[in-house]
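> Next comes the structure file structure_28.txt, holding compact mmCIF, C-alpha atoms.
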```txt
# COMPACT_ATOMS: atom_id res chain seq x y z
CA ARG A 1 19.71 44.12 51.42
CA ASP A 2 18.95 41.53 48.76
CA SER A 3 19.16 44.12 45.98
CA GLY A 4 22.92 44.05 45.62
CA LEU A 5 23.09 47.82 46.20
CA ARG A 6 25.52 49.15 48.78
CA PHE A 7 24.58 52.50 50.25
CA GLN A 8 24.52 54.75 53.28
CA HIS A 9 21.27 56.37 54.26
CA GLU A 10 19.94 59.07 56.52
CA ILE A 11 16.37 59.20 57.84
CA THR A 12 14.64 62.48 58.68
CA ASP A 13 11.14 62.77 60.08
CA SER A 14 10.79 66.52 60.58
CA ARG A 15 10.95 69.63 58.48
CA ARG A 16 13.99 70.95 60.32
CA GLU A 17 15.97 67.73 59.92
CA PHE A 18 15.14 67.37 56.23
CA GLU A 19 15.96 70.97 55.32
CA GLY A 20 19.20 70.81 57.32
CA ALA A 21 20.23 67.60 55.55
CA VAL A 22 19.58 68.72 51.95
CA ARG A 23 21.18 72.12 52.54
CA THR A 24 24.42 70.75 54.01
CA LYS A 25 24.92 67.33 52.44
CA GLN A 26 24.97 65.78 48.99
CA PHE A 27 22.69 62.83 48.28
CA ASP A 28 22.42 60.53 45.28
CA LEU A 29 18.74 59.80 45.90
CA ILE A 30 15.82 61.05 48.00
CA LEU A 31 12.94 58.77 48.97
CA ALA A 32 10.01 60.63 50.50
CA ASP A 33 6.61 59.82 51.88
CA HIS A 34 3.87 62.15 50.78
CA THR A 35 2.52 62.60 54.31
CA LEU A 36 4.70 63.39 57.33
CA PRO A 37 3.77 64.61 60.82
CA ASP A 38 4.83 68.24 60.31
CA TYR A 39 5.88 68.19 56.69
CA ASP A 40 4.75 66.79 53.35
CA GLY A 41 6.39 65.48 50.20
CA ARG A 42 5.25 68.41 48.06
CA ALA A 43 7.08 70.91 50.28
CA ALA A 44 10.14 68.65 50.37
CA LEU A 45 10.21 68.41 46.58
CA GLN A 46 9.75 72.17 46.19
CA LEU A 47 12.69 72.81 48.52
CA VAL A 48 14.98 70.41 46.66
CA ARG A 49 14.18 71.95 43.28
CA SER A 50 14.38 75.51 44.65
CA LEU A 51 17.96 74.74 45.66
CA HIS A 52 18.62 73.72 42.03
CA LEU A 53 19.52 70.20 43.13
CA ASP A 54 19.12 67.57 40.44
CA THR A 55 19.05 64.76 43.02
CA PRO A 56 16.51 62.12 41.92
CA PHE A 57 13.38 62.35 44.04
CA ILE A 58 11.07 59.32 44.40
CA PHE A 59 7.81 59.29 46.33
CA VAL A 60 7.08 56.13 48.34
CA SER A 61 3.61 56.47 49.74
CA GLY A 62 0.43 54.59 50.44
CA THR A 63 -1.80 57.66 50.11
CA LEU A 64 -0.60 59.10 46.82
CA GLY A 65 -3.41 58.98 44.32
CA GLU A 66 -2.81 58.85 40.58
CA GLU A 67 -3.85 62.45 39.98
CA LEU A 68 -1.61 63.71 42.77
CA ALA A 69 1.24 61.53 41.54
CA VAL A 70 1.00 63.11 38.08
CA ASP A 71 1.14 66.55 39.70
CA MET A 72 4.28 65.56 41.62
CA LEU A 73 5.92 64.35 38.42
CA LYS A 74 5.13 67.67 36.78
CA MET A 75 6.78 69.43 39.73
CA GLY A 76 9.99 67.52 39.15
CA ALA A 77 9.66 64.18 40.93
CA ASN A 78 11.39 61.36 39.09
CA ASP A 79 9.01 58.58 40.02
CA TYR A 80 6.51 57.36 42.60
CA VAL A 81 6.03 53.93 44.16
CA LEU A 82 2.99 52.84 46.11
CA LYS A 83 3.74 51.02 49.33
CA GLN A 84 1.40 48.31 48.13
CA ARG A 85 3.75 47.81 45.13
CA ARG A 86 7.11 47.75 46.81
CA ASP A 87 8.39 45.37 44.16
CA ARG A 88 8.64 48.47 41.95
CA LEU A 89 10.94 50.21 44.38
CA LEU A 90 14.16 48.45 43.39
CA PRO A 91 13.76 49.09 39.63
CA ALA A 92 12.86 52.71 40.39
CA VAL A 93 15.96 53.10 42.58
CA ARG A 94 18.19 51.45 39.96
CA ASP A 95 16.85 53.82 37.32
CA ALA A 96 17.45 56.76 39.64
CA VAL A 97 21.01 55.67 40.43
CA LYS A 98 21.68 55.25 36.71
CA LEU A 99 20.29 58.73 36.13
CA VAL A 100 22.65 60.14 38.76
CA GLU A 101 25.64 58.48 37.11
CA GLU A 102 24.63 59.73 33.67
CA ARG A 103 24.18 63.26 34.97
CA ARG A 104 27.55 63.17 36.69
CA ASP A 105 29.21 61.89 33.52
CA LYS A 106 27.47 64.60 31.50
CA ARG A 107 28.59 67.33 33.91
CA ARG A 108 32.14 65.96 33.89
CA ILE A 109 32.25 65.87 30.09
CA GLU A 110 30.74 69.36 29.86
CA SER A 111 33.29 70.65 32.36
CA GLU A 112 36.17 69.05 30.45
CA LEU A 113 34.86 70.42 27.16
CA LYS A 114 34.57 73.87 28.68
CA ILE A 115 38.19 73.71 29.82
CA VAL A 116 39.32 72.56 26.37
CA GLU A 117 37.29 75.31 24.70
CA GLN A 118 38.76 77.93 27.04
CA ARG A 119 42.29 76.71 26.32
CA TYR A 120 41.61 76.67 22.58
CA ARG A 121 40.14 80.17 22.72
CA GLN A 122 43.17 81.41 24.65
CA LEU A 123 45.53 79.86 22.08
CA VAL A 124 43.55 81.49 19.26
CA GLU A 125 43.55 84.87 21.01
CA ASP A 126 47.29 84.71 21.74
CA ALA A 127 48.27 83.55 18.23
CA PRO A 128 50.62 86.01 16.48
CA ASP A 129 48.78 85.51 13.17
CA GLY A 130 45.29 86.74 12.49
CA ILE A 131 42.69 83.97 12.58
CA PHE A 132 39.41 84.56 10.77
CA ILE A 133 36.29 82.36 10.59
CA ALA A 134 33.72 83.00 7.86
CA ASP A 135 30.43 81.33 7.00
CA SER A 136 29.63 79.69 3.67
CA GLU A 137 28.67 83.09 2.23
CA GLY A 138 31.95 84.70 3.26
CA ALA A 139 30.59 86.73 6.20
CA LEU A 140 32.98 86.92 9.15
CA LEU A 141 31.82 85.00 12.23
CA ASP A 142 34.90 85.38 14.42
CA VAL A 143 38.33 86.98 14.45
CA ASN A 144 41.08 86.91 17.05
CA ARG A 145 42.92 89.81 18.66
CA SER A 146 45.84 89.74 16.18
CA GLY A 147 43.41 89.94 13.26
CA CYS A 148 41.71 92.98 14.78
CA GLU A 149 45.01 94.74 15.47
CA MET A 150 46.26 93.90 11.98
CA LEU A 151 43.32 95.70 10.36
CA GLY A 152 42.94 98.48 12.95
CA ARG A 153 39.40 97.45 13.85
CA CYS A 154 37.67 95.94 16.87
CA ARG A 155 35.92 92.55 16.67
CA GLU A 156 32.44 94.14 16.59
CA GLN A 157 33.40 96.20 13.53
CA LEU A 158 34.59 93.13 11.64
CA LEU A 159 31.91 90.58 12.50
CA GLY A 160 29.31 90.31 9.77
CA GLN A 161 31.49 91.95 7.13
CA SER A 162 32.14 90.05 3.93
CA ALA A 163 35.68 89.07 3.03
CA THR A 164 35.23 91.11 -0.16
CA ASP A 165 34.80 94.25 1.99
CA LEU A 166 38.44 93.90 3.00
CA LEU A 167 39.92 93.32 -0.47
CA ARG A 168 40.99 95.61 -3.26
CA ARG A 169 38.22 95.89 -5.81
CA SER A 170 40.55 94.51 -8.48
CA GLU A 171 41.11 91.32 -6.44
CA ILE A 172 37.44 90.46 -5.89
CA PRO A 173 37.12 88.46 -9.16
CA ARG A 174 40.14 86.39 -8.13
CA PHE A 175 38.55 85.77 -4.73
CA GLU A 176 35.25 84.70 -6.28
CA GLN A 177 37.07 82.22 -8.52
CA LEU A 178 38.68 80.62 -5.47
CA ARG A 179 35.46 80.33 -3.47
CA ALA A 180 33.97 77.47 -5.51
CA PRO A 181 36.81 74.97 -5.00
CA MET A 182 37.18 76.15 -1.40
CA GLY A 183 33.54 75.21 -0.80
CA ASP A 184 34.42 71.53 -0.76
CA SER A 185 35.18 70.12 2.69
CA GLY A 186 38.92 70.11 3.17
CA GLY A 187 39.57 72.63 0.38
CA LEU A 188 42.85 74.52 0.84
CA HIS A 189 44.25 77.81 -0.41
CA SER A 190 47.53 79.58 0.15
CA GLY A 191 48.40 82.90 -1.42
CA GLU A 192 49.23 86.57 -1.01
CA TRP A 193 46.57 89.26 -0.77
CA GLU A 194 46.18 92.86 0.29
CA LEU A 195 43.64 93.71 2.99
CA ARG A 196 42.14 97.11 3.65
CA HIS A 197 43.25 98.73 6.89
CA ALA A 198 40.82 100.94 8.82
CA GLU A 199 42.89 103.98 7.78
CA GLY A 200 42.38 103.17 4.10
CA SER A 201 45.82 101.76 3.28
CA PHE A 202 46.29 98.19 2.09
CA LEU A 203 48.25 95.64 4.07
CA PRO A 204 50.17 92.84 2.26
CA VAL A 205 49.35 89.52 3.88
CA GLU A 206 49.89 85.82 3.36
CA VAL A 207 46.69 83.79 3.70
CA ARG A 208 46.36 80.08 4.41
CA ALA A 209 42.68 79.10 4.31
CA ARG A 210 40.83 75.82 4.57
CA SER A 211 37.22 74.75 4.33
CA LEU A 212 35.77 73.18 7.50
CA PRO A 213 33.36 70.22 7.52
CA ASP A 214 30.44 72.43 8.57
CA GLY A 215 30.84 74.70 5.55
CA ARG A 216 32.70 77.49 7.32
CA THR A 217 36.12 78.72 6.25
CA GLN A 218 39.08 79.24 8.56
CA ALA A 219 41.89 81.52 7.45
CA PHE A 220 45.30 82.17 9.02
CA VAL A 221 46.52 85.60 7.99
CA ARG A 222 50.12 86.79 8.41
CA ASP A 223 51.34 90.37 8.06
CA ILE A 224 54.19 90.29 5.51
CA ARG A 225 55.03 94.00 5.36
CA GLU A 226 58.55 93.45 6.70
CA ARG A 227 59.14 90.63 4.26
CA LYS A 228 57.92 92.77 1.36
CA GLN A 229 60.13 95.65 2.49
CA ALA A 230 63.13 93.32 2.69
CA GLU A 231 62.35 91.92 -0.76
CA TYR A 232 62.07 95.46 -2.17
CA ALA A 233 65.38 96.49 -0.55
CA LEU A 234 67.06 93.38 -1.98
CA ARG A 235 65.70 94.10 -5.48
CA GLU A 236 66.95 97.68 -5.25
CA ALA A 237 70.36 96.49 -4.09
CA ASP A 238 70.52 93.97 -6.96
CA GLN A 239 69.48 96.66 -9.43
CA ARG A 240 72.15 99.10 -8.15
CA LYS A 241 74.74 96.34 -8.32
CA ASP A 242 73.80 95.54 -11.91
CA GLU A 243 73.94 99.24 -12.81
CA PHE A 244 77.36 99.59 -11.22
CA LEU A 245 78.75 96.52 -12.97
CA ALA A 246 77.37 97.71 -16.29
CA MET A 247 78.90 101.17 -15.79
CA LEU A 248 82.19 99.67 -14.70
CA GLY A 249 82.26 97.38 -17.73
CA HIS A 250 81.52 100.31 -20.01
CA GLU A 251 84.37 102.37 -18.53
CA LEU A 252 86.84 99.50 -18.82
CA ARG A 253 85.88 98.84 -22.43
CA ASN A 254 86.07 102.48 -23.51
CA TYR A 255 88.91 103.90 -21.44
CA PRO A 256 92.14 104.28 -23.53
CA ARG A 257 94.57 101.52 -22.60
CA HIS A 258 97.64 103.70 -23.42
CA SER A 259 96.52 106.48 -21.07
CA HIS A 260 98.68 107.13 -18.06
CA GLY A 261 95.47 107.33 -15.98
CA GLU A 262 93.98 104.08 -17.14
CA HIS A 263 94.27 102.62 -13.63
CA GLN A 264 91.86 105.36 -12.45
CA ALA A 265 88.94 104.22 -14.70
CA PRO A 266 87.26 101.87 -12.20
CA TYR A 267 87.51 104.45 -9.43
CA LYS A 268 85.96 107.16 -11.60
CA ALA A 269 83.09 104.81 -12.47
CA LEU A 270 82.57 104.04 -8.80
CA HIS A 271 82.71 107.75 -7.94
CA ARG A 272 79.99 108.55 -10.51
CA PHE A 273 77.85 105.59 -9.33
CA LEU A 274 77.99 106.67 -5.69
CA GLY A 275 77.50 110.32 -6.57
```
For the structure just supplied, provide its representation as structure tokens.

Amino acid sequence: RDSGLRFQHEITDSRREFEGAVRTKQFDLILADHTLPDYDGRAALQLVRSLHLDTPFIFVSGTLGEELAVDMLKMGANDYVLKQRRDRLLPAVRDAVKLVEERRDKRRIESELKIVEQRYRQLVEDAPDGIFIADSEGALLDVNRSGCEMLGRCREQLLGQSATDLLRRSEIPRFEQLRAPMGDSGGLHSGEWELRHAEGSFLPVEVRARSLPDGRTQAFVRDIRERKQAEYALREADQRKDEFLAMLGHELRNYPRHSHGEHQAPYKALHRFLG
């Protein structure tokens, strides 16, 4: 009462009561005598640990010898206090309560981190772009679903492969030149590459890569086939336009002005251009 601690307690003095209590209730601390009428502290400790409870367990006994106390500590007891030294009980309890709080905080933090990691993993998996993680040597450590689908391979087929295994042979020297500056923490790269598909064709992609503090490299890879096809179609259209204008200019320059059909020259040029 003079300790400043506020607590609720439950006293059990039989095997049945103790086992019923620890199986159905949650305790922050267990104080146990080594010798009970039909039970003993060793059996109580074994039960608590067999239930995978991390509740601090302190022996308070007048018959616990040093050798036996060491054995109990090896079995998972947190401390022991001799009844002749009850002045040690309060510090032992305070330490145990602190341990409970630290363990709860640790479990809470671990649980929150697990949730964050699961959310991050889900975001990575659902990303429309391929996301690749490679070690300092260029070997793939992880790849998301979009990256696998992009290259026509499953994750197991890609993990462990070198980035150079996915490039055109002619682009490997360019890749090696970029690796040195990328090795610095925070190094960035953005450029277009072609990656080898499982079927043997090469896929045009845009890569944005950065070096991570731990030496790994993270790359965001976007399929740019549609963009390349649109660019090619636009170049073809521009080329056909230039050809038409050149042909039209030629016809206008060379068609006789005095001819009665001179107004037909542009239409003849257009007819020849369109076939």
> Figure out the distance between atom CA of Gln161 of chain A and atom CA of Glu117 of chain A, please, to one decimal in Å.
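Rounded to one decimal, the two atoms are 24.9 Å apart.
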> Can you tell me, as a list of chain:residue names, what residues are no more than 7 Å from His197 of chain A when counting only C-alpha atoms, ignoring any on the same chain fewer than 6 positions away?
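What passes the distance filter is A:Leu151, A:Gly152, A:Leu203.
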> Record the distance separating atom CA of Arg210 of chain A and atom CA of Leu188 of chain A, expressed in Å with one decimal.
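Atom CA of Arg210 of chain A sits 4.4 Å away from atom CA of Leu188 of chain A.
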> So, counting only C-alpha atoms, which residue among A:Val22, A:Leu90, A:Ala233, A:Val60 is closest to Leu47 of chain A?
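Closest to Leu47 of chain A, using only C-alpha atoms: A:Val22.
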> Using all atoms listed in the file, which of A:Leu195, A:Leu123, A:Ile131, A:Cys154 sits nearest Arg168 of chain A?
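Among A:Leu195, A:Leu123, A:Ile131, A:Cys154, it is A:Leu195 that comes nearest to Arg168 of chain A.
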> Near Leu89 of chain A, within 10 Å and counting all atoms listed in the file, which residues show up once chain neighbours fewer than 4 positions away are dropped, as a PyMOL selection string?
chain A and resi 31+58-60+79-83+85+93-95
> Near Ser14 of chain A, within 9 Å and counting only C-alpha atoms, which residues show up once chain neighbours fewer than 4 positions away are dropped, as a ChimeraX atom specification?
/A:18-19,36-39
> Pick out the residues sitting within 8 Å of Ala139 of chain A, and hand them over as a short mmCIF file (atom, residue, chain, number, x, y, z; two decimals) with C-alpha atoms, in the frame of the given file; count all atoms listed in the file, and ignore anything fewer than 3 positions along from it in its own chain.

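The resulting around_32.cif:
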```
data_model
loop_
_atom_site.label_atom_id
_atom_site.label_comp_id
_atom_site.auth_asym_id
_atom_site.auth_seq_id
_atom_site.Cartn_x
_atom_site.Cartn_y
_atom_site.Cartn_z
CA ALA A 134 33.72 83.00 7.86
CA ASP A 135 30.43 81.33 7.00
CA SER A 136 29.63 79.69 3.67
CA LEU A 159 31.91 90.58 12.50
CA GLY A 160 29.31 90.31 9.77
CA GLN A 161 31.49 91.95 7.13
CA SER A 162 32.14 90.05 3.93
CA ALA A 163 35.68 89.07 3.03
#
```
> Find the residues around Val143 of chain A up to 10 Å (all atoms listed in the file counted), leave out those fewer than 4 positions away in its own chain, and share them as a ChimeraX atom specification.
/A:124-125,130-134,147-148,154-156,158-159,218-219
> Can you measure atom CA of Ser201 of chain A to atom CA of Gly138 of chain A for me? One decimal in Å is fine.
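A separation of 22.0 Å between them.
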> Which of these residues is nearest to Tyr120 of chain A, using only C-alpha atoms: A:Asn78, A:Leu167, A:Asn144, A:Glu236?
A:Asn144
> Nearest to Glu206 of chain A: which of A:Gln8, A:Asp129, A:Phe244, A:Ser61 is it, counting all atoms listed in the file?
A:Asp129
> Using the structure just given, write a file holding N, CA and C atoms for segment 16-28 of chain A, as a tab-separated table (two decimals), in the first residue's frame.

```
chain	number	residue	atom	x	y	z
A	16	ARG	N	-6.35	-26.25	-9.17
A	16	ARG	CA	-7.51	-25.99	-10.00
A	16	ARG	C	-7.77	-24.49	-10.14
A	17	GLU	N	-7.67	-23.77	-9.04
A	17	GLU	CA	-7.92	-22.33	-9.08
A	17	GLU	C	-6.87	-21.60	-9.91
A	18	PHE	N	-5.61	-21.99	-9.73
A	18	PHE	CA	-4.54	-21.32	-10.47
A	18	PHE	C	-4.67	-21.56	-11.97
A	19	GLU	N	-4.85	-22.82	-12.35
A	19	GLU	CA	-4.95	-23.15	-13.78
A	19	GLU	C	-6.17	-22.48	-14.40
A	20	GLY	N	-7.29	-22.44	-13.67
A	20	GLY	CA	-8.48	-21.77	-14.19
A	20	GLY	C	-8.25	-20.29	-14.38
A	21	ALA	N	-7.52	-19.67	-13.46
A	21	ALA	CA	-7.26	-18.23	-13.55
A	21	ALA	C	-6.37	-17.89	-14.74
A	22	VAL	N	-5.24	-18.59	-14.90
A	22	VAL	CA	-4.30	-18.22	-15.97
A	22	VAL	C	-4.84	-18.60	-17.35
A	23	ARG	N	-5.75	-19.55	-17.40
A	23	ARG	CA	-6.31	-19.95	-18.70
A	23	ARG	C	-7.42	-19.01	-19.16
A	24	THR	N	-8.06	-18.33	-18.24
A	24	THR	CA	-9.23	-17.52	-18.60
A	24	THR	C	-9.05	-16.03	-18.40
A	25	LYS	N	-7.98	-15.61	-17.72
A	25	LYS	CA	-7.80	-14.19	-17.45
A	25	LYS	C	-6.40	-13.74	-17.85
A	26	GLN	N	-6.26	-12.44	-18.00
A	26	GLN	CA	-4.96	-11.87	-18.36
A	26	GLN	C	-4.39	-11.12	-17.17
A	27	PHE	N	-3.16	-11.46	-16.80
A	27	PHE	CA	-2.51	-10.83	-15.65
A	27	PHE	C	-1.24	-10.12	-16.11
A	28	ASP	N	-0.92	-9.04	-15.39
A	28	ASP	CA	0.31	-8.31	-15.66
A	28	ASP	C	1.49	-8.87	-14.88
```
